[in-house]
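First the structure, in the form of structure tokens, and then the observations on it.
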Amino acid sequence: MPSLFDPIRFGAITAPNRIFMAPLTRARATRQHVPTPVMAEYYAQRASAGLIISEATGISQQGLGWPYAPGLWSAEQTEAWKPVVAAVHKAGGRIVAQLWHMGRLVHPDFLGGEAPVSASATTAPSHAHTYDGTKPYGQARALRLDEIPGLIEDYRIATRNALAAGFDGVQVHAANGYLIDEFLRDNSNLRQDGYGGSIENRIRLLREVTEAVVEVAGADRTGVRLSPNGDSQGTNDSNPQALFPAAAAALSDLGIAFLELREPDFEGTFGKAEVAPIAPAIRKVFRGALVLNSDYDGPKARAAMARGEADAIAFGRPFLANPDLPYRLAEGLPLNKDNPKTWYSQGDEGYIDYPRARVAA
């Protein structure tokens, strides 16, 4: 079986190792969702990852409700991404843009007081991050049938912009309780039209969005993220063992390059899992590269690769504080601890100031 440190080709992208950087929201863009110069240094520092999946990046103002998160719907945003991507490439790395619509998790404050959109008229639990602090989520309205073509076009535009900015490809964010996930799961999708009810109908939006992205980027530069992980920001499904393999099979039919799964640790170190993992069933039906992601450390990742459970492993928080994570894992070196207080702050601290390990002479 390949190891973490073996090269891999998935679609049009060739990576020198199988240690991927998972998407990590860092809130270093402007209030207009324009990337800033410091982001170039941050991503370039982490260019030794086999692949960098960018932080979640909004496809439209309607879909972006996180303070200081970047977007990819305007010319200004696209131009500002160019030096970020160029810095990664100059450092020898590869980076794809994660395309994001937050659905009902967009607070009305980001929409001039209007309701966010979702599969159905539901309200997320807990609170939203806003520029004025945390506030309870507002009730969403159901996305109308006549609005869906425009939503899909937003994905096309964001994909074109990502390619224009130089990204090596894109990943459709269909996980973690955001819009596409809200359509997938039956406790948030209460529709009675062609996008609701049966599993086939509930995966329809995912399929149509991915088809549109593939039309622009090519299947060989397209990935998707799913989260077969129980409750996710209030979204859940009564039969995930049937839903997620069906979604993965539909994506496999489109020939996409890779599928990333955010699934909890069913060995008990990640919450309280009450069902068996779904990734093995997805592995059987998805023909592209399968990437697993769930609080992996070096030994756990090596074991998963040795068992043939994945083609690559995506690391999230370890990359926050360890820009040289592949080197540290290869050498068995200790990892820096990240500072949660600086995850979403707007300064350099806790962003570009984590030290690299000393390379032996």
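Every chain in the structure tokens has a letter given in the order shown (A, B, ...), and although residue numbers restart at 1 in each chain, ligands are simply numbered from 1 in the order shown.
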
### Message
For the structure I just gave you, how does DSSP split segment 127-205 of chain A - specifically, which residues are strand (DSSP E)? Reply as a ChimeraX atom specification.
### Response
/A:127-130,133-136,141-142,169-173

#### Entry: Distance query Ile19 of chain A at most 12 Å, only C-alpha atoms, self and fewer than 2 positions along chain excluded, as a PyMOL selection string
chain A and resi 3-8+15-17+21-22+46-53+94+291-293+296-298+301-302+305+310-316+318-319+324-330

Residues from last step as file, C-alpha atoms, as a compact mmCIF listing (two decimals), in the first residue's frame:
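Wrote it out as part07.txt, contents follow:
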# COMPACT_ATOMS: atom_id res chain seq x y z
CA SER A 3 2.39 5.54 2.35
CA LEU A 4 1.71 9.13 3.36
CA PHE A 5 4.98 10.12 1.73
CA ASP A 6 4.47 8.57 -1.69
CA PRO A 7 3.45 10.76 -4.64
CA ILE A 8 -0.08 10.59 -6.02
CA ALA A 15 1.25 15.71 -5.58
CA PRO A 16 4.60 14.74 -4.05
CA ASN A 17 2.96 13.33 -0.91
CA MET A 21 -4.03 20.58 4.03
CA ALA A 22 -7.72 20.65 4.87
CA ARG A 46 2.41 25.46 3.86
CA ALA A 47 3.26 24.65 0.24
CA SER A 48 4.96 21.35 1.17
CA ALA A 49 1.49 19.83 1.61
CA GLY A 50 0.65 17.41 -1.16
CA LEU A 51 -2.35 19.61 -1.84
CA ILE A 52 -3.68 22.74 -0.15
CA ILE A 53 -7.46 23.02 -0.08
CA ARG A 94 -0.55 23.04 -5.38
CA VAL A 291 -9.29 11.64 1.11
CA LEU A 292 -10.13 11.09 4.79
CA ASN A 293 -10.16 13.89 7.34
CA TYR A 296 -5.59 12.54 12.27
CA ASP A 297 -2.14 12.43 13.77
CA GLY A 298 0.88 10.76 12.19
CA ALA A 301 -2.84 8.45 9.35
CA ARG A 302 -0.12 5.90 8.63
CA MET A 305 -3.07 4.32 4.67
CA ALA A 310 -7.74 6.19 1.77
CA ASP A 311 -5.54 7.55 -0.97
CA ALA A 312 -4.57 10.62 1.07
CA ILE A 313 -5.22 12.15 4.49
CA ALA A 314 -6.24 15.77 5.05
CA PHE A 315 -4.93 17.44 8.20
CA GLY A 316 -6.68 20.50 9.58
CA PRO A 318 -2.07 20.50 12.77
CA PHE A 319 -1.41 22.72 9.74
CA ASP A 324 6.18 22.28 7.78
CA LEU A 325 3.84 19.49 8.85
CA PRO A 326 4.94 16.92 6.21
CA TYR A 327 8.57 17.26 7.34
CA ARG A 328 7.62 16.94 11.01
CA LEU A 329 5.55 13.83 10.32
CA ALA A 330 8.29 12.26 8.21

### Query
Could you pull out all residues of segment 199-276 of chain A with a DSSP call of alpha helix (DSSP H) and give them as a ChimeraX atom specification?
/A:199-202,204-217,240-253

### Query
Between A:Gly332, A:Pro108, A:Pro149, A:Gly63, which has the minimum distance to Lys135 of chain A (counting only C-alpha atoms)?
A:Pro108

Find the residues around segment 333-341 of chain A up to 7 Å (only C-alpha atoms counted), leave out those fewer than 2 positions away in its own chain, and share them as a CSV table (one decimal) with N, CA and C atoms, in the first residue's frame.
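Written out: selection28.csv:
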chain,number,residue,atom,x,y,z
A,320,LEU,N,-2.4,24.5,11.1
A,320,LEU,CA,-2.4,25.8,11.7
A,320,LEU,C,-1.1,26.2,12.3
A,321,ALA,N,-0.6,25.4,13.1
A,321,ALA,CA,0.6,25.7,13.9
A,321,ALA,C,1.9,25.1,13.3
A,322,ASN,N,1.8,24.3,12.3
A,322,ASN,CA,3.0,23.6,11.8
A,322,ASN,C,3.0,23.8,10.2
A,328,ARG,N,7.7,17.4,9.6
A,328,ARG,CA,7.6,16.9,11.0
A,328,ARG,C,7.1,15.5,11.1
A,329,LEU,N,6.1,15.2,10.3
A,329,LEU,CA,5.5,13.8,10.3
A,329,LEU,C,6.6,12.8,9.8
A,331,GLU,N,9.8,13.0,10.0
A,331,GLU,CA,10.9,12.9,10.9
A,331,GLU,C,10.5,12.5,12.3
A,343,TRP,N,-7.4,31.9,15.9
A,343,TRP,CA,-7.9,31.2,14.7
A,343,TRP,C,-8.6,32.2,13.8
A,350,GLY,N,-0.4,34.1,15.4
A,350,GLY,CA,-1.1,32.9,15.3
A,350,GLY,C,-1.5,32.6,13.8
